[in-house]
$ cat upload.cif   # mmCIF, C-alpha atoms
data_target
#
loop_
_atom_site.label_atom_id
_atom_site.label_comp_id
_atom_site.auth_asym_id
_atom_site.auth_seq_id
_atom_site.Cartn_x
_atom_site.Cartn_y
_atom_site.Cartn_z
CA MET Q 1 2.51 34.21 -26.06
CA MET Q 2 1.91 30.76 -24.61
CA GLU Q 3 5.30 30.85 -22.83
CA THR Q 4 4.46 34.21 -21.25
CA SER Q 5 1.07 32.97 -20.09
CA LEU Q 6 2.67 29.91 -18.57
CA GLN Q 7 5.12 32.08 -16.62
CA TYR Q 8 2.25 34.12 -15.17
CA LEU Q 9 0.54 30.87 -14.18
CA LEU Q 10 3.61 29.34 -12.55
CA PHE Q 11 4.77 32.35 -10.52
CA PRO Q 12 1.81 32.70 -8.12
CA CYS Q 13 1.65 28.94 -7.75
CA LEU Q 14 5.30 28.82 -6.72
CA LEU Q 15 4.72 31.58 -4.18
CA LEU Q 16 1.72 29.76 -2.74
CA CYS Q 17 3.51 26.43 -2.45
CA CYS Q 18 6.57 27.93 -0.79
CA LYS Q 19 4.54 30.08 1.55
CA THR Q 20 2.30 27.31 2.82
CA ASN Q 21 5.09 24.67 2.94
CA GLU Q 22 2.48 22.02 2.31
CA VAL Q 23 3.35 18.45 3.27
CA LEU Q 24 2.43 15.97 0.56
CA PRO Q 25 0.96 12.65 1.72
CA ALA Q 26 3.34 9.74 2.06
CA ALA Q 27 2.73 6.19 0.90
CA LEU Q 28 3.36 3.22 3.17
CA THR Q 29 5.32 0.61 1.23
CA VAL Q 30 5.37 -3.02 2.40
CA SER Q 31 8.10 -5.50 1.49
CA PRO Q 32 7.32 -8.25 0.73
CA SER Q 33 4.17 -6.74 -0.75
CA ARG Q 34 1.35 -8.69 0.89
CA SER Q 35 -1.02 -8.34 3.82
CA GLN Q 36 -0.68 -11.79 5.46
CA PHE Q 37 2.44 -13.28 7.05
CA PHE Q 38 3.45 -16.43 8.85
CA LYS Q 39 4.69 -16.28 12.42
CA GLY Q 40 8.46 -15.82 12.24
CA ASP Q 41 8.41 -13.94 8.91
CA SER Q 42 10.08 -10.55 8.53
CA VAL Q 43 8.65 -7.41 6.92
CA SER Q 44 9.90 -3.94 6.08
CA LEU Q 45 7.58 -0.91 6.17
CA SER Q 46 8.71 2.35 4.57
CA CYS Q 47 7.19 5.81 4.33
CA GLU Q 48 7.79 7.28 0.88
CA GLU Q 49 7.01 10.80 -0.26
CA ASP Q 50 7.81 12.52 -3.55
CA ASN Q 51 10.45 14.88 -2.19
CA SER Q 52 11.78 13.40 1.04
CA SER Q 53 10.80 10.78 3.57
CA ALA Q 54 12.39 12.76 6.43
CA GLY Q 55 10.01 13.41 9.30
CA TRP Q 56 7.76 10.40 8.62
CA THR Q 57 7.51 7.52 11.07
CA VAL Q 58 5.60 4.22 11.05
CA ARG Q 59 2.90 3.80 13.70
CA ARG Q 60 0.41 1.06 14.47
CA ASN Q 61 -2.72 0.10 16.37
CA ILE Q 62 -2.81 -3.45 17.68
CA THR Q 63 -4.73 -5.13 20.47
CA GLY Q 64 -3.83 -3.32 23.67
CA GLU Q 65 -1.69 -0.65 21.99
CA THR Q 66 -2.68 2.57 20.22
CA ARG Q 67 -0.57 4.85 17.99
CA THR Q 68 2.72 3.33 19.11
CA GLU Q 69 5.77 4.29 17.06
CA CYS Q 70 8.24 1.89 15.45
CA GLY Q 71 11.27 1.50 17.70
CA ASP Q 72 9.15 1.95 20.83
CA GLU Q 73 9.26 -1.68 22.06
CA TRP Q 74 8.54 -3.04 18.56
CA GLY Q 75 10.40 -2.98 15.26
CA GLU Q 76 13.73 -1.42 14.35
CA ALA Q 77 13.51 2.14 13.01
CA ALA Q 78 16.04 3.50 10.51
CA GLY Q 79 14.89 6.89 9.24
CA SER Q 80 11.43 6.43 7.79
CA THR Q 81 11.80 2.63 7.46
CA CYS Q 82 10.65 0.13 10.06
CA THR Q 83 11.87 -3.47 10.01
CA MET Q 84 10.20 -6.27 11.95
CA ASN Q 85 12.50 -9.28 11.89
CA TYR Q 86 10.34 -11.88 13.65
CA LEU Q 87 6.59 -11.40 13.39
CA LEU Q 88 4.25 -12.73 16.05
CA SER Q 89 0.48 -13.07 16.05
CA TRP Q 90 0.02 -9.97 18.22
CA ASP Q 91 1.76 -7.88 15.54
CA SER Q 92 -1.49 -8.12 13.57
CA GLY Q 93 -3.06 -4.69 13.29
CA VAL Q 94 -3.33 -1.41 11.42
CA TYR Q 95 -0.17 0.36 10.26
CA TRP Q 96 0.36 3.82 8.75
CA CYS Q 97 2.88 6.63 8.25
CA GLU Q 98 2.63 9.78 10.34
CA TRP Q 99 4.31 13.14 9.86
CA ARG Q 100 5.87 14.81 12.89
CA GLU Q 101 3.34 17.66 12.54
CA GLY Q 102 0.30 15.40 12.39
CA ALA Q 103 -0.33 14.48 8.74
CA ALA Q 104 -0.90 10.77 8.08
CA SER Q 105 -0.96 8.35 5.17
CA SER Q 106 -3.68 5.85 4.40
CA SER Q 107 -3.55 2.82 6.69
CA ILE Q 108 -3.09 -0.85 5.87
CA GLN Q 109 -4.06 -4.02 7.72
CA LEU Q 110 -1.39 -6.64 8.36
CA THR Q 111 -2.27 -10.11 9.64
CA VAL Q 112 0.19 -12.56 11.21
CA THR Q 113 -0.96 -16.15 11.60
CA GLY Q 114 0.40 -19.06 13.58
CA GLY Q 115 -1.33 -21.38 11.11
CA SER Q 116 0.13 -23.02 8.04
CA VAL Q 117 -1.78 -21.25 5.22
CA ILE Q 118 -1.85 -17.63 4.06
CA LEU Q 119 -3.61 -15.80 1.24
CA GLN Q 120 -1.37 -13.61 -0.86
CA SER Q 121 -3.46 -10.60 -1.89
CA PRO Q 122 -2.84 -6.90 -2.67
CA VAL Q 123 -2.00 -4.85 0.40
CA LEU Q 124 -3.16 -1.62 -1.31
CA PRO Q 125 -6.43 -0.85 -3.14
CA VAL Q 126 -6.44 -2.11 -6.72
CA MET Q 127 -7.49 -0.12 -9.76
CA GLU Q 128 -10.93 -0.73 -11.24
CA GLY Q 129 -10.53 -2.75 -14.44
CA ASP Q 130 -7.27 -4.41 -13.38
CA ASP Q 131 -6.75 -8.16 -13.08
CA VAL Q 132 -5.95 -9.37 -9.55
CA THR Q 133 -4.35 -12.72 -8.80
CA LEU Q 134 -4.77 -14.34 -5.38
CA SER Q 135 -2.43 -17.10 -4.25
CA CYS Q 136 -2.93 -19.65 -1.49
CA GLN Q 137 0.35 -20.68 0.12
CA THR Q 138 1.48 -23.04 2.84
CA LYS Q 139 4.49 -22.45 5.06
CA THR Q 140 6.41 -25.55 4.06
CA ALA Q 141 4.73 -27.33 1.14
CA PRO Q 142 4.91 -26.26 -2.54
CA SER Q 143 2.84 -23.19 -3.42
CA ASN Q 144 0.97 -24.84 -6.30
CA LEU Q 145 -1.32 -27.13 -4.31
CA PRO Q 146 -5.07 -27.16 -5.13
CA ALA Q 147 -6.87 -24.48 -3.12
CA ALA Q 148 -10.44 -23.37 -2.52
CA PHE Q 149 -11.12 -19.62 -2.55
CA TYR Q 150 -13.91 -17.88 -0.64
CA LYS Q 151 -15.40 -14.39 -0.67
CA ASP Q 152 -17.43 -13.16 2.30
CA GLY Q 153 -17.77 -16.75 3.51
CA SER Q 154 -19.06 -18.23 0.23
CA LEU Q 155 -17.05 -20.57 -1.99
CA ILE Q 156 -16.01 -18.99 -5.29
CA ARG Q 157 -14.24 -21.98 -6.82
CA THR Q 158 -11.36 -24.41 -6.37
CA GLU Q 159 -8.20 -23.85 -8.40
CA PRO Q 160 -5.89 -26.82 -9.13
CA ALA Q 161 -2.66 -24.78 -8.90
CA GLY Q 162 -3.55 -22.60 -5.91
CA HIS Q 163 -3.91 -19.35 -7.86
CA MET Q 164 -7.13 -17.51 -8.72
CA THR Q 165 -7.39 -14.46 -10.99
CA LEU Q 166 -10.18 -11.90 -10.77
CA HIS Q 167 -10.49 -10.31 -14.21
CA HIS Q 168 -11.35 -6.64 -14.72
CA VAL Q 169 -12.27 -6.01 -11.10
CA THR Q 170 -15.09 -3.65 -10.12
CA SER Q 171 -16.56 -2.51 -6.82
CA SER Q 172 -18.61 -5.73 -6.75
CA ASP Q 173 -15.36 -7.64 -6.21
CA GLU Q 174 -14.69 -5.85 -2.92
CA GLY Q 175 -14.95 -8.03 0.17
CA LEU Q 176 -13.21 -10.42 2.53
CA TYR Q 177 -11.28 -13.23 0.85
CA ARG Q 178 -9.71 -16.36 2.27
CA CYS Q 179 -8.49 -19.70 0.98
CA SER Q 180 -8.02 -23.26 2.18
CA ILE Q 181 -5.80 -26.17 1.22
CA SER Q 182 -6.83 -29.71 2.04
CA ALA Q 183 -4.82 -31.30 4.88
CA HIS Q 184 -3.12 -27.96 5.61
CA GLY Q 185 -5.89 -25.66 6.81
CA GLU Q 186 -7.24 -22.26 5.83
CA SER Q 187 -5.88 -18.74 5.74
CA PRO Q 188 -7.10 -15.71 7.68
CA SER Q 189 -9.38 -13.32 5.77
CA SER Q 190 -8.09 -10.23 4.00
CA SER Q 191 -10.02 -7.34 2.54
CA ILE Q 192 -9.73 -6.32 -1.12
CA SER Q 193 -10.64 -2.75 -2.02
CA VAL Q 194 -11.19 -1.41 -5.55
CA SER Q 195 -10.46 2.21 -6.41
CA ALA Q 196 -11.80 4.13 -9.41
CA GLU Q 197 -8.66 6.28 -9.37
CA ALA Q 198 -5.03 5.50 -8.71
CA PRO Q 199 -4.12 6.14 -5.06
CA PRO Q 200 -1.71 9.08 -4.61
CA LEU Q 201 1.95 8.15 -4.48
CA LEU Q 202 1.20 4.50 -5.19
CA HIS Q 203 4.29 2.34 -5.14
CA ASP Q 204 4.84 -1.40 -5.27
CA ASN Q 205 8.22 -2.87 -4.38
CA GLN Q 206 7.84 -5.47 -7.12
CA GLY Q 207 7.55 -2.76 -9.76
CA ASP Q 208 3.93 -3.39 -10.72
CA HIS Q 209 3.03 0.25 -10.10
CA GLN Q 210 5.23 3.32 -10.26
CA ARG Q 211 4.53 6.85 -9.10
CA ASN Q 212 4.53 9.71 -11.54
CA THR Q 213 7.49 11.85 -10.54
CA SER Q 214 7.70 14.25 -13.48
CA ALA Q 215 7.72 17.91 -12.53
CA SER Q 216 5.01 19.07 -14.91
CA HIS Q 217 2.67 17.94 -17.66
CA PHE Q 218 1.69 20.29 -20.46
CA ASN Q 219 -0.87 19.67 -23.16
CA PRO Q 220 -0.55 22.34 -25.87
CA GLU Q 221 -4.03 21.60 -27.20
CA THR Q 222 -5.84 22.30 -23.93
CA GLN Q 223 -3.15 24.55 -22.36
CA THR Q 224 -3.72 22.77 -19.05
CA VAL Q 225 -0.81 22.48 -16.63
CA ARG Q 226 -0.53 20.06 -13.72
CA LEU Q 227 2.40 20.65 -11.38
CA ASN Q 228 4.16 18.83 -8.61
CA LEU Q 229 6.18 21.56 -6.92
CA SER Q 230 8.63 21.42 -4.03
CA CYS Q 231 10.32 24.11 -1.98
CA TYR Q 232 13.64 23.70 -0.25
#

$ encode --input "upload.cif" --output "structure tokens"
Amino acid sequence: MMETSLQYLLFPCLLLCCKTNEVLPAALTVSPSRSQFFKGDSVSLSCEEDNSSAGWTVRRNITGETRTECGDEWGEAAGSTCTMNYLLSWDSGVYWCEWREGAASSSIQLTVTGGSVILQSPVLPVMEGDDVTLSCQTKTAPSNLPAAFYKDGSLIRTEPAGHMTLHHVTSSDEGLYRCSISAHGESPSSSISVSAEAPPLLHDNQGDHQRNTSASHFNPETQTVRLNLSCY
């Protein structure tokens, strides 16, 4: 009986999905996974979607440019991946994935500095309750130098090894963070956002988060079905 009921549930859903040809949102993946970079660094930006990344391109807004596409005088495009081999300060801006028919992913802010200190922080929103580690790094010196960490302009504390962990983050931890290392300077500021729910299609190149790619989830006690369906 349960199998029959499930078939009746699946059939109209399959018809609806195929008929509408809905485009699922893509996730913009950054490698290396951080929001601040030194001048001269390289970065790879990729649009990833559950079924296929075809049709997605990387776009950006920077000072003096709006909605420009990777490969159009900046970056090297290969399918849905954009590689920037030598970052400059004017590459700082907002980046996102855009579908050829208008859909768009969430955007991220990338900052390129000509200075000697950066703050390594999550490029995507973090889950409420997670621990978040911030690292203060210089371009040439070891990465374990003592560093002072600030939130919204106020000193939080100084860490002897240049790493600070925020435990069990909540919305009160949201804000602009920066760090400084004596005799080296200070980093730009980066925003940290906290989400009560996991962002859709969340993916981290370092393997910290993985998307759920299973086709269906069935709980026999509640008889609730959640589906990720694709039409080809």

$ resolve_selection --input "upload.cif" --expression "the PyMOL selection byres ((chain Q and resi 88) around 12)" --output "list of chain:residue names"
Q:Gln36, Q:Phe37, Q:Phe38, Q:Lys39, Q:Gly40, Q:Asp41, Q:Ser42, Q:Val43, Q:Ile62, Q:Trp74, Q:Gly75, Q:Met84, Q:Asn85, Q:Tyr86, Q:Leu87, Q:Ser89, Q:Trp90, Q:Asp91, Q:Ser92, Q:Gly93, Q:Leu110, Q:Thr111, Q:Val112, Q:Thr113, Q:Gly114, Q:Gly115

$ write_last_selection --input "upload.cif" --atoms "C-alpha atoms" --output "PDB file, in the coordinates of the input"
ATOM      1  CA  GLN Q  36      -0.680 -11.790   5.460  1.00  0.00           C
ATOM      2  CA  PHE Q  37       2.440 -13.280   7.050  1.00  0.00           C
ATOM      3  CA  PHE Q  38       3.450 -16.430   8.850  1.00  0.00           C
ATOM      4  CA  LYS Q  39       4.690 -16.280  12.420  1.00  0.00           C
ATOM      5  CA  GLY Q  40       8.460 -15.820  12.240  1.00  0.00           C
ATOM      6  CA  ASP Q  41       8.410 -13.940   8.910  1.00  0.00           C
ATOM      7  CA  SER Q  42      10.080 -10.550   8.530  1.00  0.00           C
ATOM      8  CA  VAL Q  43       8.650  -7.410   6.920  1.00  0.00           C
ATOM      9  CA  ILE Q  62      -2.810  -3.450  17.680  1.00  0.00           C
ATOM     10  CA  TRP Q  74       8.540  -3.040  18.560  1.00  0.00           C
ATOM     11  CA  GLY Q  75      10.400  -2.980  15.260  1.00  0.00           C
ATOM     12  CA  MET Q  84      10.200  -6.270  11.950  1.00  0.00           C
ATOM     13  CA  ASN Q  85      12.500  -9.280  11.890  1.00  0.00           C
ATOM     14  CA  TYR Q  86      10.340 -11.880  13.650  1.00  0.00           C
ATOM     15  CA  LEU Q  87       6.590 -11.400  13.390  1.00  0.00           C
ATOM     16  CA  SER Q  89       0.480 -13.070  16.050  1.00  0.00           C
ATOM     17  CA  TRP Q  90       0.020  -9.970  18.220  1.00  0.00           C
ATOM     18  CA  ASP Q  91       1.760  -7.880  15.540  1.00  0.00           C
ATOM     19  CA  SER Q  92      -1.490  -8.120  13.570  1.00  0.00           C
ATOM     20  CA  GLY Q  93      -3.060  -4.690  13.290  1.00  0.00           C
ATOM     21  CA  LEU Q 110      -1.390  -6.640   8.360  1.00  0.00           C
ATOM     22  CA  THR Q 111      -2.270 -10.110   9.640  1.00  0.00           C
ATOM     23  CA  VAL Q 112       0.190 -12.560  11.210  1.00  0.00           C
ATOM     24  CA  THR Q 113      -0.960 -16.150  11.600  1.00  0.00           C
ATOM     25  CA  GLY Q 114       0.400 -19.060  13.580  1.00  0.00           C
ATOM     26  CA  GLY Q 115      -1.330 -21.380  11.110  1.00  0.00           C
TER      27      GLY Q 115
END

$ resolve_selection --input "upload.cif" --expression "the PyMOL selection byres ((chain Q and resi 123) around 9)" --output "mmCIF file with C-alpha atoms, in the frame of the given file"
data_model
loop_
_atom_site.group_PDB
_atom_site.id
_atom_site.type_symbol
_atom_site.label_atom_id
_atom_site.label_comp_id
_atom_site.auth_asym_id
_atom_site.auth_seq_id
_atom_site.Cartn_x
_atom_site.Cartn_y
_atom_site.Cartn_z
ATOM 1 C CA VAL Q 30 5.370 -3.020 2.400
ATOM 2 C CA SER Q 33 4.170 -6.740 -0.750
ATOM 3 C CA ARG Q 34 1.350 -8.690 0.890
ATOM 4 C CA SER Q 35 -1.020 -8.340 3.820
ATOM 5 C CA GLN Q 36 -0.680 -11.790 5.460
ATOM 6 C CA ILE Q 108 -3.090 -0.850 5.870
ATOM 7 C CA GLN Q 109 -4.060 -4.020 7.720
ATOM 8 C CA LEU Q 110 -1.390 -6.640 8.360
ATOM 9 C CA GLN Q 120 -1.370 -13.610 -0.860
ATOM 10 C CA SER Q 121 -3.460 -10.600 -1.890
ATOM 11 C CA PRO Q 122 -2.840 -6.900 -2.670
ATOM 12 C CA LEU Q 124 -3.160 -1.620 -1.310
ATOM 13 C CA PRO Q 125 -6.430 -0.850 -3.140
ATOM 14 C CA VAL Q 126 -6.440 -2.110 -6.720
ATOM 15 C CA SER Q 190 -8.090 -10.230 4.000
ATOM 16 C CA SER Q 191 -10.020 -7.340 2.540
ATOM 17 C CA ILE Q 192 -9.730 -6.320 -1.120
#

$ resolve_selection --input "upload.cif" --expression "the PyMOL selection byres ((chain Q and resi 174-184) around 8)" --output "PyMOL selection string"
chain Q and resi 116-119+136+138+145-153+170-173+185-194

$ closest_residue --input "upload.cif" --among "Q:Gly129, Q:Pro32, Q:Gly79, Q:Pro142" --to "Q:Val58" --atoms "only C-alpha atoms"
Q:Gly79

$ atom_distance --input "upload.cif" --atom1 "atom CA of Q:Thr66" --atom2 "atom CA of Q:Tyr95"
10.5 Å

$ closest_residue --input "upload.cif" --among "Q:Thr29, Q:Ser105, Q:Ser135, Q:Ser195" --to "Q:Val169" --atoms "only C-alpha atoms"
Q:Ser195

$ atom_distance --input "upload.cif" --atom1 "atom CA of Q:Met127" --atom2 "atom CA of Q:Gly162"
23.1 Å

$ closest_residue --input "upload.cif" --among "Q:Asp72, Q:Thr133, Q:Cys82, Q:Arg60" --to "Q:His163" --atoms "only C-alpha atoms"
Q:Thr133

$ atom_distance --input "upload.cif" --atom1 "atom CA of Q:Arg59" --atom2 "atom CA of Q:Glu76"
12.0 Å

$ residues_around --input "upload.cif" --residues "Q:Arg100" --least-positions-apart "6" --cutoff "9 Å" --atoms "all atoms listed in the file" --output "list of chain:residue names"
Q:Gly55, Q:Trp56, Q:Thr57

$ closest_residue --input "upload.cif" --among "Q:Thr83, Q:Asn144, Q:Thr63, Q:Gln137" --to "Q:Ser44" --atoms "all atoms listed in the file"
Q:Thr83

$ residues_near_point --input "upload.cif" --point "(9.2, 5.9, 5.1)" --cutoff "10 Å" --atoms "all atoms listed in the file" --output "list of chain:residue names"
Q:Ala26, Q:Ala27, Q:Leu28, Q:Thr29, Q:Ser44, Q:Leu45, Q:Ser46, Q:Cys47, Q:Glu48, Q:Glu49, Q:Ser52, Q:Ser53, Q:Ala54, Q:Gly55, Q:Trp56, Q:Thr57, Q:Val58, Q:Ala77, Q:Ala78, Q:Gly79, Q:Ser80, Q:Thr81, Q:Cys82, Q:Trp96, Q:Cys97, Q:Glu98, Q:Trp99

$ decode --input "upload.cif" --residues "stretch 159-170 of chain Q" --atoms "all heavy atoms" --output "PDB file, in the first residue's frame"
ATOM      1  N   GLU Q 159      45.980  36.851  19.955  1.00  0.00           N
ATOM      2  CA  GLU Q 159      46.291  35.418  20.011  1.00  0.00           C
ATOM      3  C   GLU Q 159      47.769  35.201  19.697  1.00  0.00           C
ATOM      4  O   GLU Q 159      48.285  35.728  18.711  1.00  0.00           O
ATOM      5  CB  GLU Q 159      45.440  34.645  19.005  1.00  0.00           C
ATOM      6  CG  GLU Q 159      43.958  34.600  19.343  1.00  0.00           C
ATOM      7  CD  GLU Q 159      43.663  33.671  20.512  1.00  0.00           C
ATOM      8  OE1 GLU Q 159      44.587  32.935  20.949  1.00  0.00           O
ATOM      9  OE2 GLU Q 159      42.510  33.672  20.991  1.00  0.00           O
ATOM     10  N   PRO Q 160      48.476  34.424  20.532  1.00  0.00           N
ATOM     11  CA  PRO Q 160      49.927  34.267  20.364  1.00  0.00           C
ATOM     12  C   PRO Q 160      50.340  33.539  19.089  1.00  0.00           C
ATOM     13  O   PRO Q 160      51.453  33.722  18.605  1.00  0.00           O
ATOM     14  CB  PRO Q 160      50.338  33.474  21.610  1.00  0.00           C
ATOM     15  CG  PRO Q 160      49.089  32.783  22.061  1.00  0.00           C
ATOM     16  CD  PRO Q 160      47.972  33.695  21.713  1.00  0.00           C
ATOM     17  N   ALA Q 161      49.445  32.685  18.534  1.00  0.00           N
ATOM     18  CA  ALA Q 161      49.815  31.914  17.344  1.00  0.00           C
ATOM     19  C   ALA Q 161      49.125  32.404  16.086  1.00  0.00           C
ATOM     20  O   ALA Q 161      49.227  31.770  15.033  1.00  0.00           O
ATOM     21  CB  ALA Q 161      49.510  30.437  17.561  1.00  0.00           C
ATOM     22  N   GLY Q 162      48.402  33.528  16.161  1.00  0.00           N
ATOM     23  CA  GLY Q 162      47.787  34.095  14.975  1.00  0.00           C
ATOM     24  C   GLY Q 162      46.489  33.463  14.540  1.00  0.00           C
ATOM     25  O   GLY Q 162      46.007  33.725  13.431  1.00  0.00           O
ATOM     26  N   HIS Q 163      45.893  32.624  15.382  1.00  0.00           N
ATOM     27  CA  HIS Q 163      44.620  31.978  15.073  1.00  0.00           C
ATOM     28  C   HIS Q 163      43.628  32.259  16.195  1.00  0.00           C
ATOM     29  O   HIS Q 163      43.970  32.152  17.375  1.00  0.00           O
ATOM     30  CB  HIS Q 163      44.785  30.465  14.907  1.00  0.00           C
ATOM     31  CG  HIS Q 163      45.858  30.068  13.958  1.00  0.00           C
ATOM     32  ND1 HIS Q 163      45.721  30.136  12.593  1.00  0.00           N
ATOM     33  CD2 HIS Q 163      47.120  29.609  14.182  1.00  0.00           C
ATOM     34  CE1 HIS Q 163      46.832  29.721  12.012  1.00  0.00           C
ATOM     35  NE2 HIS Q 163      47.704  29.396  12.964  1.00  0.00           N
ATOM     36  N   MET Q 164      42.383  32.573  15.847  1.00  0.00           N
ATOM     37  CA  MET Q 164      41.341  32.809  16.826  1.00  0.00           C
ATOM     38  C   MET Q 164      40.099  32.004  16.447  1.00  0.00           C
ATOM     39  O   MET Q 164      39.655  32.043  15.298  1.00  0.00           O
ATOM     40  CB  MET Q 164      40.968  34.288  16.925  1.00  0.00           C
ATOM     41  CG  MET Q 164      39.893  34.579  17.967  1.00  0.00           C
ATOM     42  SD  MET Q 164      39.382  36.315  18.004  1.00  0.00           S
ATOM     43  CE  MET Q 164      38.458  36.421  16.463  1.00  0.00           C
ATOM     44  N   THR Q 165      39.547  31.261  17.414  1.00  0.00           N
ATOM     45  CA  THR Q 165      38.365  30.448  17.161  1.00  0.00           C
ATOM     46  C   THR Q 165      37.153  31.048  17.857  1.00  0.00           C
ATOM     47  O   THR Q 165      37.191  31.353  19.050  1.00  0.00           O
ATOM     48  CB  THR Q 165      38.572  28.998  17.636  1.00  0.00           C
ATOM     49  OG1 THR Q 165      39.672  28.422  16.930  1.00  0.00           O
ATOM     50  CG2 THR Q 165      37.325  28.157  17.382  1.00  0.00           C
ATOM     51  N   LEU Q 166      36.082  31.216  17.083  1.00  0.00           N
ATOM     52  CA  LEU Q 166      34.788  31.621  17.624  1.00  0.00           C
ATOM     53  C   LEU Q 166      33.977  30.354  17.831  1.00  0.00           C
ATOM     54  O   LEU Q 166      33.690  29.616  16.881  1.00  0.00           O
ATOM     55  CB  LEU Q 166      34.069  32.556  16.650  1.00  0.00           C
ATOM     56  CG  LEU Q 166      34.827  33.803  16.210  1.00  0.00           C
ATOM     57  CD1 LEU Q 166      34.044  34.544  15.114  1.00  0.00           C
ATOM     58  CD2 LEU Q 166      35.080  34.720  17.395  1.00  0.00           C
ATOM     59  N   HIS Q 167      33.611  30.066  19.077  1.00  0.00           N
ATOM     60  CA  HIS Q 167      32.926  28.820  19.396  1.00  0.00           C
ATOM     61  C   HIS Q 167      31.411  28.993  19.344  1.00  0.00           C
ATOM     62  O   HIS Q 167      30.856  29.973  19.834  1.00  0.00           O
ATOM     63  CB  HIS Q 167      33.346  28.333  20.784  1.00  0.00           C
ATOM     64  CG  HIS Q 167      34.797  27.984  20.889  1.00  0.00           C
ATOM     65  ND1 HIS Q 167      35.333  26.810  20.380  1.00  0.00           N
ATOM     66  CD2 HIS Q 167      35.849  28.663  21.436  1.00  0.00           C
ATOM     67  CE1 HIS Q 167      36.625  26.776  20.612  1.00  0.00           C
ATOM     68  NE2 HIS Q 167      36.974  27.885  21.251  1.00  0.00           N
ATOM     69  N   HIS Q 168      30.757  28.019  18.715  1.00  0.00           N
ATOM     70  CA  HIS Q 168      29.288  27.969  18.679  1.00  0.00           C
ATOM     71  C   HIS Q 168      28.706  29.319  18.241  1.00  0.00           C
ATOM     72  O   HIS Q 168      27.978  29.966  18.991  1.00  0.00           O
ATOM     73  CB  HIS Q 168      28.727  27.559  20.044  1.00  0.00           C
ATOM     74  CG  HIS Q 168      29.374  26.337  20.618  1.00  0.00           C
ATOM     75  ND1 HIS Q 168      29.336  25.106  19.991  1.00  0.00           N
ATOM     76  CD2 HIS Q 168      30.097  26.171  21.754  1.00  0.00           C
ATOM     77  CE1 HIS Q 168      30.001  24.221  20.734  1.00  0.00           C
ATOM     78  NE2 HIS Q 168      30.475  24.832  21.790  1.00  0.00           N
ATOM     79  N   VAL Q 169      29.015  29.730  17.042  1.00  0.00           N
ATOM     80  CA  VAL Q 169      28.646  31.062  16.578  1.00  0.00           C
ATOM     81  C   VAL Q 169      27.127  31.246  16.517  1.00  0.00           C
ATOM     82  O   VAL Q 169      26.371  30.298  16.265  1.00  0.00           O
ATOM     83  CB  VAL Q 169      29.258  31.373  15.197  1.00  0.00           C
ATOM     84  CG1 VAL Q 169      30.767  31.426  15.265  1.00  0.00           C
ATOM     85  CG2 VAL Q 169      28.794  30.363  14.155  1.00  0.00           C
ATOM     86  N   THR Q 170      26.694  32.470  16.767  1.00  0.00           N
ATOM     87  CA  THR Q 170      25.298  32.871  16.642  1.00  0.00           C
ATOM     88  C   THR Q 170      25.243  34.154  15.817  1.00  0.00           C
ATOM     89  O   THR Q 170      26.285  34.672  15.372  1.00  0.00           O
ATOM     90  CB  THR Q 170      24.660  33.116  18.017  1.00  0.00           C
ATOM     91  OG1 THR Q 170      25.288  34.251  18.631  1.00  0.00           O
ATOM     92  CG2 THR Q 170      24.825  31.900  18.923  1.00  0.00           C
TER      93      THR Q 170
END
